[in-house]
file start39.cif (mmCIF, C-alpha atoms)
data_my_file
loop_
_atom_site.label_atom_id
_atom_site.label_comp_id
_atom_site.auth_asym_id
_atom_site.auth_seq_id
_atom_site.Cartn_x
_atom_site.Cartn_y
_atom_site.Cartn_z
CA MET A 1 15.09 -1.05 -7.23
CA LEU A 2 13.31 -0.11 -3.99
CA ARG A 3 14.71 2.71 -1.90
CA TRP A 4 15.75 1.94 1.67
CA TRP A 5 12.81 3.72 3.24
CA GLN A 6 10.39 1.85 0.94
CA GLN A 7 11.96 -1.45 2.07
CA ALA A 8 11.62 -0.30 5.66
CA ASP A 9 7.95 0.51 5.05
CA GLN A 10 7.42 -2.97 3.61
CA GLU A 11 9.08 -4.60 6.64
CA ARG A 12 6.89 -2.53 8.93
CA GLU A 13 3.79 -3.60 6.98
CA GLN A 14 4.86 -7.27 7.23
CA LEU A 15 5.28 -6.94 11.00
CA GLN A 16 1.88 -5.29 11.20
CA VAL A 17 0.30 -8.16 9.24
CA SER A 18 1.97 -10.72 11.54
CA LEU A 19 0.71 -8.87 14.59
CA GLU A 20 -2.83 -8.74 13.23
CA ALA A 21 -2.70 -12.47 12.44
CA ALA A 22 -1.48 -13.24 15.97
CA LEU A 23 -4.24 -11.09 17.48
CA GLU A 24 -6.83 -12.83 15.32
CA GLN A 25 -5.51 -16.23 16.38
CA ASN A 26 -5.63 -15.12 20.00
CA GLU A 27 -9.23 -14.01 19.58
CA GLU A 28 -10.16 -17.38 18.05
CA GLN A 29 -8.44 -19.22 20.90
CA SER A 30 -10.26 -17.03 23.40
CA LYS A 31 -13.62 -17.84 21.78
CA PHE A 32 -12.80 -21.54 21.82
CA ASN A 33 -11.75 -21.24 25.45
CA HIS A 34 -15.02 -19.50 26.34
CA ASP A 35 -16.99 -22.24 24.54
CA LEU A 36 -15.20 -24.93 26.55
CA GLU A 37 -15.86 -23.02 29.75
CA ASP A 38 -19.55 -22.83 28.86
CA ARG A 39 -19.61 -26.56 28.17
CA LEU A 40 -17.83 -27.20 31.45
CA ARG A 41 -20.36 -25.10 33.37
CA THR A 42 -23.22 -26.90 31.62
CA SER A 43 -21.70 -30.29 32.45
CA ARG A 44 -21.23 -29.29 36.07
CA MET A 45 -24.85 -28.19 36.30
CA TYR A 46 -25.92 -31.49 34.76
CA VAL A 47 -23.73 -33.39 37.23
CA SER A 48 -25.27 -31.40 40.06
CA ARG A 49 -28.77 -32.21 38.89
CA LEU A 50 -27.91 -35.90 38.52
CA THR A 51 -26.28 -35.90 41.95
CA ALA A 52 -29.42 -34.38 43.41
CA ALA A 53 -31.55 -36.92 41.54
CA LEU A 54 -29.31 -39.75 42.80
CA ALA A 55 -29.56 -38.46 46.36
CA GLU A 56 -33.33 -38.29 46.04
CA ARG A 57 -33.33 -41.82 44.65
CA ASP A 58 -31.13 -43.01 47.51
CA ALA A 59 -33.56 -41.46 49.95
CA GLU A 60 -36.43 -43.19 48.21
CA LEU A 61 -34.58 -46.52 48.29
CA GLY A 62 -33.88 -45.99 51.97
CA ARG A 63 -37.54 -45.42 52.65
CA LEU A 64 -38.34 -48.52 50.61
CA LYS A 65 -35.87 -50.62 52.61
CA GLN A 66 -37.29 -49.34 55.86
CA SER A 67 -40.80 -50.20 54.71
CA LEU A 68 -39.72 -53.74 53.76
CA ARG A 69 -38.03 -54.27 57.12
CA GLU A 70 -41.13 -53.11 58.91
CA GLN A 71 -43.13 -55.64 56.88
CA GLY A 72 -40.70 -58.41 57.85
CA GLY A 73 -38.97 -58.78 54.53
CA GLY A 74 -35.55 -57.97 55.96
CA GLY A 75 -34.77 -55.64 53.10
CA SER A 76 -32.91 -58.36 51.25
CA SER A 77 -35.18 -58.57 48.25
CA LEU A 78 -35.38 -55.10 46.66
CA PRO A 79 -37.27 -54.80 43.46
CA SER A 80 -34.95 -55.42 40.53
CA SER A 81 -36.18 -52.32 38.75
CA SER A 82 -35.12 -50.04 41.62
CA ALA A 83 -31.66 -51.61 41.74
CA THR A 84 -31.28 -51.18 37.99
CA VAL A 85 -32.25 -47.49 38.12
CA GLU A 86 -29.79 -46.91 40.94
CA GLU A 87 -26.98 -48.56 39.00
CA GLU A 88 -27.72 -46.56 35.84
CA LEU A 89 -27.72 -43.30 37.79
CA ARG A 90 -24.38 -44.10 39.41
CA SER A 91 -22.86 -45.06 36.03
CA ALA A 92 -24.10 -41.84 34.40
CA LEU A 93 -22.70 -39.80 37.31
CA GLU A 94 -19.27 -41.43 36.95
CA GLU A 95 -19.24 -40.78 33.18
CA LEU A 96 -20.18 -37.15 33.70
CA GLN A 97 -17.47 -36.75 36.33
CA ILE A 98 -14.91 -38.15 33.87
CA THR A 99 -16.19 -35.75 31.17
CA ALA A 100 -15.97 -32.84 33.58
CA GLU A 101 -12.37 -33.78 34.46
CA GLU A 102 -11.43 -33.98 30.75
CA LEU A 103 -13.01 -30.59 30.12
CA GLN A 104 -11.11 -29.14 33.06
CA GLU A 105 -7.82 -30.54 31.71
CA ASN A 106 -8.56 -29.12 28.26
CA ASN A 107 -9.41 -25.80 29.82
CA GLU A 108 -6.08 -25.71 31.69
CA LEU A 109 -4.22 -26.67 28.51
CA LEU A 110 -5.96 -23.92 26.56
CA SER A 111 -5.14 -21.45 29.31
CA GLN A 112 -1.46 -22.33 28.94
CA VAL A 113 -1.66 -21.97 25.15
CA ASN A 114 -3.42 -18.65 25.59
CA GLU A 115 -0.70 -17.41 27.95
CA ASN A 116 2.02 -18.48 25.52
CA LEU A 117 0.21 -16.77 22.67
CA GLU A 118 -0.18 -13.58 24.67
CA GLU A 119 3.55 -13.63 25.41
CA ARG A 120 4.30 -14.04 21.70
CA ILE A 121 1.91 -11.20 20.83
CA ALA A 122 3.54 -8.97 23.44
CA ALA A 123 6.98 -9.79 22.02
CA ARG A 124 5.77 -9.09 18.47
CA THR A 125 4.20 -5.84 19.65
CA ASP A 126 7.44 -4.73 21.29
CA GLU A 127 9.35 -5.65 18.15
CA LEU A 128 6.91 -3.67 16.01
CA VAL A 129 7.10 -0.66 18.33
CA ARG A 130 10.90 -0.72 18.25
CA SER A 131 10.87 -1.06 14.47
CA ASN A 132 8.42 1.82 14.10
CA MET A 133 10.53 4.00 16.38
CA GLY A 134 13.63 3.19 14.35
CA LEU A 135 11.84 3.92 11.09
CA GLN A 136 10.43 7.18 12.39
CA LYS A 137 13.88 8.25 13.52
CA ALA A 138 15.42 7.29 10.17
CA LEU A 139 12.68 9.09 8.24
CA ALA A 140 13.07 12.18 10.41
CA GLU A 141 16.83 12.18 9.75
CA ARG A 142 16.19 11.71 6.03
CA ASP A 143 13.73 14.60 5.91
CA PHE A 144 16.14 16.79 7.84
CA LEU A 145 18.97 16.02 5.42
CA LEU A 146 16.73 16.59 2.39
CA ARG A 147 15.56 19.93 3.73
CA GLU A 148 19.14 20.93 4.54
CA VAL A 149 20.16 20.05 0.97
CA HIS A 150 17.17 22.00 -0.33
CA HIS A 151 18.18 25.04 1.74
CA ARG A 152 21.69 24.97 0.32
CA VAL A 153 20.48 24.39 -3.24
CA ARG A 154 18.07 27.30 -2.90
CA ASN A 155 20.86 29.61 -1.74
CA ASN A 156 23.11 28.44 -4.56
CA MET A 157 20.35 29.01 -7.14
CA GLN A 158 19.80 32.53 -5.82
CA THR A 159 23.53 33.17 -6.15
CA ILE A 160 23.53 31.79 -9.70
CA LEU A 161 20.56 33.97 -10.66
CA SER A 162 22.26 37.05 -9.26
CA LEU A 163 25.45 36.31 -11.19
CA LEU A 164 23.54 35.65 -14.39
CA ARG A 165 21.60 38.91 -14.05
CA LEU A 166 24.88 40.78 -13.71
CA GLN A 167 26.24 38.99 -16.76
CA ALA A 168 23.08 39.75 -18.75
CA ARG A 169 23.72 43.47 -18.46
CA ARG A 170 26.93 43.07 -20.48
CA MET A 171 25.52 40.80 -23.20
CA VAL A 172 24.78 41.86 -26.73
CA PRO A 173 21.07 42.28 -27.61
CA ASP A 174 20.99 39.29 -29.97
CA ILE A 175 21.93 36.88 -27.21
CA HIS A 176 19.95 38.52 -24.45
CA PRO A 177 16.50 36.95 -25.26
CA ASP A 178 17.79 33.37 -25.05
CA PHE A 179 19.69 34.26 -21.91
CA GLY A 180 16.47 35.69 -20.46
CA ASN A 181 14.68 32.40 -21.20
CA ALA A 182 17.40 30.54 -19.31
CA LEU A 183 16.96 32.88 -16.34
CA ARG A 184 13.20 32.30 -16.34
CA ARG A 185 13.72 28.54 -16.39
CA ILE A 186 16.05 28.74 -13.41
CA ARG A 187 13.57 30.93 -11.51
CA ALA A 188 10.76 28.47 -12.34
CA MET A 189 12.88 25.58 -11.04
CA ALA A 190 13.51 27.55 -7.85
CA VAL A 191 9.76 28.17 -7.40
CA ALA A 192 8.90 24.48 -7.93
CA GLN A 193 11.63 23.32 -5.56
CA GLU A 194 10.61 25.79 -2.88
CA LEU A 195 7.04 24.52 -2.91
CA LEU A 196 7.92 20.82 -3.12
CA TYR A 197 10.33 20.81 -0.21
CA GLY A 198 7.82 22.69 1.88
CA ALA A 199 5.57 19.62 1.93
CA ASP A 200 5.11 17.81 5.26
CA ASP A 201 5.77 14.37 3.76
CA LEU A 202 8.19 14.26 0.82
CA SER A 203 7.24 10.66 -0.01
CA ARG A 204 3.52 11.51 -0.38
CA ILE A 205 2.94 14.81 -2.16
CA ASP A 206 -0.57 15.75 -3.24
CA PHE A 207 0.24 17.12 -6.68
CA ALA A 208 -3.24 18.62 -6.99
CA THR A 209 -2.64 20.97 -4.05
CA HIS A 210 0.89 21.64 -5.27
CA LEU A 211 -0.40 22.48 -8.76
CA GLN A 212 -2.98 24.96 -7.47
CA THR A 213 -0.27 26.88 -5.62
CA MET A 214 2.46 26.57 -8.23
CA ALA A 215 0.61 27.48 -11.45
CA PRO A 216 -0.11 31.17 -10.57
CA LEU A 217 3.50 31.62 -9.46
CA LEU A 218 4.80 30.08 -12.69
CA LEU A 219 2.56 32.35 -14.73
CA GLN A 220 4.10 35.35 -12.99
CA THR A 221 7.63 33.93 -13.29
CA HIS A 222 7.30 33.51 -17.06
CA GLY A 223 6.07 37.07 -17.46
CA GLY A 224 2.38 36.33 -17.87
CA ASP A 225 -0.17 39.01 -16.99
CA ALA A 226 -2.89 37.54 -14.75
CA GLU A 227 -5.41 40.08 -16.09
CA ARG A 228 -4.64 39.17 -19.71
CA ILE A 229 -4.06 35.41 -19.33
CA ARG A 230 -6.56 33.67 -17.08
CA LEU A 231 -5.87 30.40 -15.28
CA ASP A 232 -8.62 27.78 -15.00
CA ILE A 233 -7.49 24.95 -12.69
CA THR A 234 -9.58 21.83 -12.05
CA VAL A 235 -7.87 19.08 -10.07
CA SER A 236 -8.53 15.84 -8.20
CA PRO A 237 -6.18 14.55 -5.49
CA CYS A 238 -3.22 12.58 -6.87
CA ILE A 239 -0.45 11.41 -4.53
CA VAL A 240 3.09 11.14 -5.95
CA ASP A 241 6.58 10.98 -4.49
CA LEU A 242 9.30 13.61 -4.81
CA ASP A 243 11.00 11.86 -7.74
CA THR A 244 7.78 12.15 -9.74
CA ALA A 245 6.64 15.58 -8.54
CA THR A 246 9.93 17.31 -9.49
CA PRO A 247 10.02 16.48 -13.24
CA LEU A 248 6.25 16.86 -13.45
CA SER A 249 6.54 20.39 -12.07
CA LEU A 250 9.21 21.22 -14.66
CA ILE A 251 6.94 19.88 -17.40
CA VAL A 252 4.12 22.17 -16.25
CA SER A 253 6.56 25.08 -16.17
CA GLU A 254 7.76 24.50 -19.74
CA ILE A 255 4.24 24.13 -21.14
CA MET A 256 3.06 27.29 -19.37
CA SER A 257 6.13 29.18 -20.63
CA ASN A 258 5.32 28.08 -24.18
CA ALA A 259 1.72 29.26 -23.76
CA VAL A 260 2.71 32.66 -22.35
CA HIS A 261 5.29 33.45 -25.03
CA HIS A 262 3.82 31.75 -28.11
CA ALA A 263 0.09 31.17 -27.62
CA PHE A 264 -0.61 34.69 -26.34
CA PRO A 265 1.96 37.05 -27.90
CA GLY A 266 1.67 40.78 -27.46
CA ASP A 267 -1.62 41.83 -25.91
CA LYS A 268 -3.56 38.69 -26.90
CA VAL A 269 -6.06 37.62 -24.25
CA GLY A 270 -6.82 33.98 -23.47
CA THR A 271 -7.11 31.18 -20.94
CA ILE A 272 -4.81 28.39 -19.85
CA ARG A 273 -6.82 25.44 -18.53
CA ILE A 274 -5.09 22.91 -16.30
CA SER A 275 -6.82 19.73 -15.18
CA LEU A 276 -5.62 16.79 -13.12
CA GLU A 277 -7.99 13.82 -13.08
CA HIS A 278 -8.10 10.12 -12.47
CA ALA A 279 -7.43 7.81 -15.40
CA ALA A 280 -7.79 4.07 -15.85
CA VAL A 281 -4.03 3.58 -15.39
CA GLY A 282 -3.17 6.42 -13.00
CA CYS A 283 -3.52 10.22 -13.22
CA ARG A 284 -3.98 12.39 -16.31
CA LEU A 285 -2.59 15.93 -16.49
CA THR A 286 -4.00 18.13 -19.26
CA ILE A 287 -2.87 21.67 -20.11
CA ARG A 288 -4.86 23.51 -22.79
CA ASP A 289 -4.76 27.03 -24.14
CA ASP A 290 -7.03 28.85 -26.58
CA GLY A 291 -4.19 30.77 -28.18
CA MET A 292 -2.59 30.73 -31.63
CA GLY A 293 -1.39 27.12 -31.57
CA LEU A 294 2.06 25.87 -32.41
CA PRO A 295 3.72 27.56 -35.42
CA GLY A 296 4.33 25.19 -38.33
CA ALA A 297 4.06 21.43 -38.30
CA LEU A 298 3.90 19.70 -34.95
CA GLU A 299 6.81 17.39 -35.79
CA GLU A 300 9.01 20.34 -36.74
CA CYS A 301 8.22 22.16 -33.50
CA GLN A 302 8.96 19.06 -31.45
CA HIS A 303 12.41 18.73 -32.99
CA GLN A 304 13.34 22.41 -33.02
CA GLY A 305 11.75 23.88 -29.87
CA LEU A 306 13.89 23.52 -26.74
CA GLY A 307 10.85 23.63 -24.45
CA LEU A 308 9.08 20.74 -26.17
CA ARG A 309 12.30 18.73 -26.27
CA LEU A 310 12.65 19.24 -22.54
CA VAL A 311 9.05 18.14 -22.04
CA GLN A 312 9.63 14.98 -24.07
CA ALA A 313 12.80 14.18 -22.14
CA LEU A 314 11.08 14.66 -18.76
CA VAL A 315 8.07 12.56 -19.85
CA GLY A 316 10.48 9.82 -20.90
CA GLU A 317 12.12 10.00 -17.47
CA LEU A 318 8.71 9.45 -15.87
CA ARG A 319 7.84 6.69 -18.36
CA ALA A 320 4.56 8.45 -18.92
CA ASP A 321 2.43 8.88 -22.04
CA LEU A 322 2.55 12.21 -23.94
CA GLN A 323 0.01 13.55 -26.44
CA ILE A 324 0.25 16.97 -28.11
CA VAL A 325 -2.54 18.44 -30.25
CA SER A 326 -2.35 21.87 -31.86
CA ASP A 327 -4.63 23.70 -34.28
CA SER A 328 -6.05 27.15 -34.89
CA GLY A 329 -8.11 26.84 -31.70
CA GLY A 330 -5.08 26.42 -29.47
CA SER A 331 -2.81 23.71 -28.13
CA SER A 332 -3.39 20.78 -25.80
CA VAL A 333 -0.81 18.69 -23.97
CA VAL A 334 -1.95 15.51 -22.21
CA ILE A 335 0.37 13.54 -19.89
CA THR A 336 -0.81 10.25 -18.41
CA LEU A 337 1.05 8.96 -15.36
CA LEU A 338 1.10 5.22 -14.78
CA GLU A 339 0.10 3.74 -11.43
CA SER A 340 3.76 3.12 -10.55
CA ASN A 341 4.34 6.89 -10.60
CA ALA A 342 0.92 8.00 -9.37
CA ALA A 343 1.20 6.27 -6.01
CA GLU A 344 -2.40 6.89 -5.07
CA SER A 345 -5.39 8.66 -6.56
CA ILE A 346 -8.14 9.42 -4.10
#
call {"tool": "encode", "arguments": {"input": "start39.cif", "output": "structure tokens"}}
result
Amino acid sequence: MLRWWQQADQEREQLQVSLEAALEQNEEQSKFNHDLEDRLRTSRMYVSRLTAALAERDAELGRLKQSLREQGGGGSSLPSSSATVEEELRSALEELQITAEELQENNELLSQVNENLEERIAARTDELVRSNMGLQKALAERDFLLREVHHRVRNNMQTILSLLRLQARRMVPDIHPDFGNALRRIRAMAVAQELLYGADDLSRIDFATHLQTMAPLLLQTHGGDAERIRLDITVSPCIVDLDTATPLSLIVSEIMSNAVHHAFPGDKVGTIRISLEHAAVGCRLTIRDDGMGLPGALEECQHQGLGLRLVQALVGELRADLQIVSDSGGSSVVITLLESNAAESI
């Protein structure tokens, strides 16, 4: 089901298409109008030339009549050929005058159509401007409310973290490690949320830029030493919305946490490689490490490890494709986002 702002965007796009079609039709009418005007000017020039030719012929006929009268013929017996030429010229002039009048009428009719079309285009333009203003206002209000919610959630998460830290001081040592993992997950969620809601447009988030900023912070949040564990990030632009960027950020956090605590235990040195690239069906996110690999069988780890179960649940929420490969050379997690989630890959 489309969200209200997506429906509003579609309505705005439909209005824009209608406006472009009206402008194109107006341009075609204008070209046709100019063609008729050219034809009218040509016809008028032709009429003028014929009128001049007819006047010259009349003058010639007058001279001929005068010559016949001087010779005693009385001017009553003009050569038949001269009379025929005169009649043809007058007939052609009348036809051209009729054609010129028809062209003038068509030109006036087209001018009226053009005026009506311009009025319709102006009305459509005003409607589109009003719609855009309304959408911009609604989107601004939505962003304001989202950022206000984010501000309150951030404060609440800080309060929760403070309370949990106080509680951790009273816990028995056996429970403390799991409790510490929960604290790290909450801190990682706070980091991801802080970065996501700092974006200028929450409906179009470049996850590549977000990933480059977030990954070093997550490494630090999960207790990774930047001198011992190196990050190698290679990304291509991939535009997603907030509903996709949030679970995807949590997936990256869980995989990096698993690499820090299991792939590189103790003082083991290694590299976490993160790549975001274009795929045939969307965007492909790959996170590899050259650590110890997953302990035991992959199926057993997927069922027993909380982190991998969270990853599988979040991938299912995104309706994405998940592939996990682990051996003595390290682990690799590949997540392929479909085009419906990866709104645009540049």
call {"tool": "closest_residue", "arguments": {"input": "start39.cif", "among": "A:Ile335, A:Val269, A:Leu161, A:Leu248", "to": "Val281 in chain A", "atoms": "all atoms listed in the file"}}
result
A:Ile335
call {"tool": "atom_distance", "arguments": {"input": "start39.cif", "atom1": "CA of Thr244 in chain A", "atom2": "CA of Gly307 in chain A"}}
result
18.9 Å
call {"tool": "closest_residue", "arguments": {"input": "start39.cif", "among": "A:Thr159, A:Ser131, A:Thr221, A:Ser331", "to": "Gly180 in chain A", "atoms": "all atoms listed in the file"}}
result
A:Thr221
call {"tool": "closest_residue", "arguments": {"input": "start39.cif", "among": "A:Arg49, A:Arg288, A:Arg309, A:Arg169", "to": "Ser326 in chain A", "atoms": "all atoms listed in the file"}}
result
A:Arg288
call {"tool": "closest_residue", "arguments": {"input": "start39.cif", "among": "A:Asn155, A:Asn132, A:Ser328, A:Ser91", "to": "Ala263 in chain A", "atoms": "all atoms listed in the file"}}
result
A:Ser328
call {"tool": "closest_residue", "arguments": {"input": "start39.cif", "among": "A:Leu338, A:Val311, A:Cys238, A:Ala215", "to": "Ala192 in chain A", "atoms": "all atoms listed in the file"}}
result
A:Ala215
call {"tool": "closest_residue", "arguments": {"input": "start39.cif", "among": "A:Arg41, A:His222, A:His210, A:His262", "to": "Leu196 in chain A", "atoms": "only C-alpha atoms"}}
result
A:His210
call {"tool": "atom_distance", "arguments": {"input": "start39.cif", "atom1": "CA of Val153 in chain A", "atom2": "CA of Leu195 in chain A"}}
result
13.4 Å
call {"tool": "residues_around", "arguments": {"input": "start39.cif", "residues": "Leu242 in chain A", "least_positions_apart": "4", "cutoff": "9 Å", "atoms": "all atoms listed in the file", "output": "ChimeraX atom specification"}}
result
/A:196-197,202-205,246-247
call {"tool": "resolve_selection", "arguments": {"input": "start39.cif", "expression": "the PyMOL selection byres ((chain A and resi 293) around 10)", "output": "compact mmCIF listing (two decimals) with C-alpha atoms, in the frame of the given file"}}
result
# COMPACT_ATOMS: atom_id res chain seq x y z
CA ALA A 259 1.72 29.26 -23.76
CA HIS A 262 3.82 31.75 -28.11
CA ALA A 263 0.09 31.17 -27.62
CA PHE A 264 -0.61 34.69 -26.34
CA ASP A 289 -4.76 27.03 -24.14
CA ASP A 290 -7.03 28.85 -26.58
CA GLY A 291 -4.19 30.77 -28.18
CA MET A 292 -2.59 30.73 -31.63
CA LEU A 294 2.06 25.87 -32.41
CA PRO A 295 3.72 27.56 -35.42
CA GLY A 296 4.33 25.19 -38.33
CA LEU A 298 3.90 19.70 -34.95
CA VAL A 325 -2.54 18.44 -30.25
CA SER A 326 -2.35 21.87 -31.86
CA ASP A 327 -4.63 23.70 -34.28
CA SER A 328 -6.05 27.15 -34.89
CA GLY A 329 -8.11 26.84 -31.70
CA GLY A 330 -5.08 26.42 -29.47
CA SER A 331 -2.81 23.71 -28.13
CA SER A 332 -3.39 20.78 -25.80
call {"tool": "atom_distance", "arguments": {"input": "start39.cif", "atom1": "CA of Glu277 in chain A", "atom2": "CA of Thr336 in chain A"}}
result
9.6 Å
call {"tool": "decode", "arguments": {"input": "start39.cif", "residues": "range 313-330 of chain A", "atoms": "N, CA and C atoms", "output": "mmCIF file, in the first residue's frame"}}
result
data_model
loop_
_atom_site.group_PDB
_atom_site.id
_atom_site.type_symbol
_atom_site.label_atom_id
_atom_site.label_comp_id
_atom_site.auth_asym_id
_atom_site.auth_seq_id
_atom_site.Cartn_x
_atom_site.Cartn_y
_atom_site.Cartn_z
ATOM 1 N N ALA A 313 15.890 -12.237 10.408
ATOM 2 C CA ALA A 313 14.585 -11.605 10.581
ATOM 3 C C ALA A 313 14.515 -10.266 9.845
ATOM 4 N N LEU A 314 15.572 -9.468 9.938
ATOM 5 C CA LEU A 314 15.587 -8.157 9.276
ATOM 6 C C LEU A 314 15.624 -8.304 7.760
ATOM 7 N N VAL A 315 16.364 -9.302 7.246
ATOM 8 C CA VAL A 315 16.394 -9.559 5.802
ATOM 9 C C VAL A 315 15.007 -9.974 5.317
ATOM 10 N N GLY A 316 14.320 -10.795 6.127
ATOM 11 C CA GLY A 316 12.958 -11.181 5.774
ATOM 12 C C GLY A 316 12.020 -9.987 5.745
ATOM 13 N N GLU A 317 12.216 -9.047 6.663
ATOM 14 C CA GLU A 317 11.403 -7.828 6.669
ATOM 15 C C GLU A 317 11.607 -7.027 5.395
ATOM 16 N N LEU A 318 12.840 -7.011 4.889
ATOM 17 C CA LEU A 318 13.145 -6.281 3.654
ATOM 18 C C LEU A 318 12.786 -7.070 2.399
ATOM 19 N N ARG A 319 12.457 -8.345 2.578
ATOM 20 C CA ARG A 319 12.204 -9.237 1.431
ATOM 21 C C ARG A 319 13.414 -9.266 0.501
ATOM 22 N N ALA A 320 14.563 -9.322 1.114
ATOM 23 C CA ALA A 320 15.814 -9.362 0.353
ATOM 24 C C ALA A 320 16.352 -10.788 0.317
ATOM 25 N N ASP A 321 17.445 -10.969 -0.393
ATOM 26 C CA ASP A 321 18.089 -12.286 -0.510
ATOM 27 C C ASP A 321 19.339 -12.295 0.372
ATOM 28 N N LEU A 322 19.512 -13.392 1.151
ATOM 29 C CA LEU A 322 20.629 -13.501 2.092
ATOM 30 C C LEU A 322 21.464 -14.735 1.763
ATOM 31 N N GLN A 323 22.780 -14.528 1.682
ATOM 32 C CA GLN A 323 23.725 -15.632 1.481
ATOM 33 C C GLN A 323 24.857 -15.488 2.494
ATOM 34 N N ILE A 324 25.157 -16.600 3.207
ATOM 35 C CA ILE A 324 26.220 -16.612 4.197
ATOM 36 C C ILE A 324 27.197 -17.729 3.855
ATOM 37 N N VAL A 325 28.461 -17.375 3.757
ATOM 38 C CA VAL A 325 29.520 -18.350 3.463
ATOM 39 C C VAL A 325 30.594 -18.198 4.530
ATOM 40 N N SER A 326 31.020 -19.310 5.106
ATOM 41 C CA SER A 326 32.050 -19.267 6.145
ATOM 42 C C SER A 326 32.985 -20.449 5.986
ATOM 43 N N ASP A 327 34.287 -20.177 6.085
ATOM 44 C CA ASP A 327 35.299 -21.230 6.052
ATOM 45 C C ASP A 327 36.504 -20.761 6.848
ATOM 46 N N SER A 328 37.599 -21.476 6.704
ATOM 47 C CA SER A 328 38.794 -21.125 7.477
ATOM 48 C C SER A 328 39.375 -19.776 7.065
ATOM 49 N N GLY A 329 38.995 -19.293 5.879
ATOM 50 C CA GLY A 329 39.513 -18.006 5.412
ATOM 51 C C GLY A 329 38.680 -16.822 5.822
ATOM 52 N N GLY A 330 37.606 -17.064 6.584
ATOM 53 C CA GLY A 330 36.760 -15.975 7.034
ATOM 54 C C GLY A 330 35.303 -16.198 6.692
#
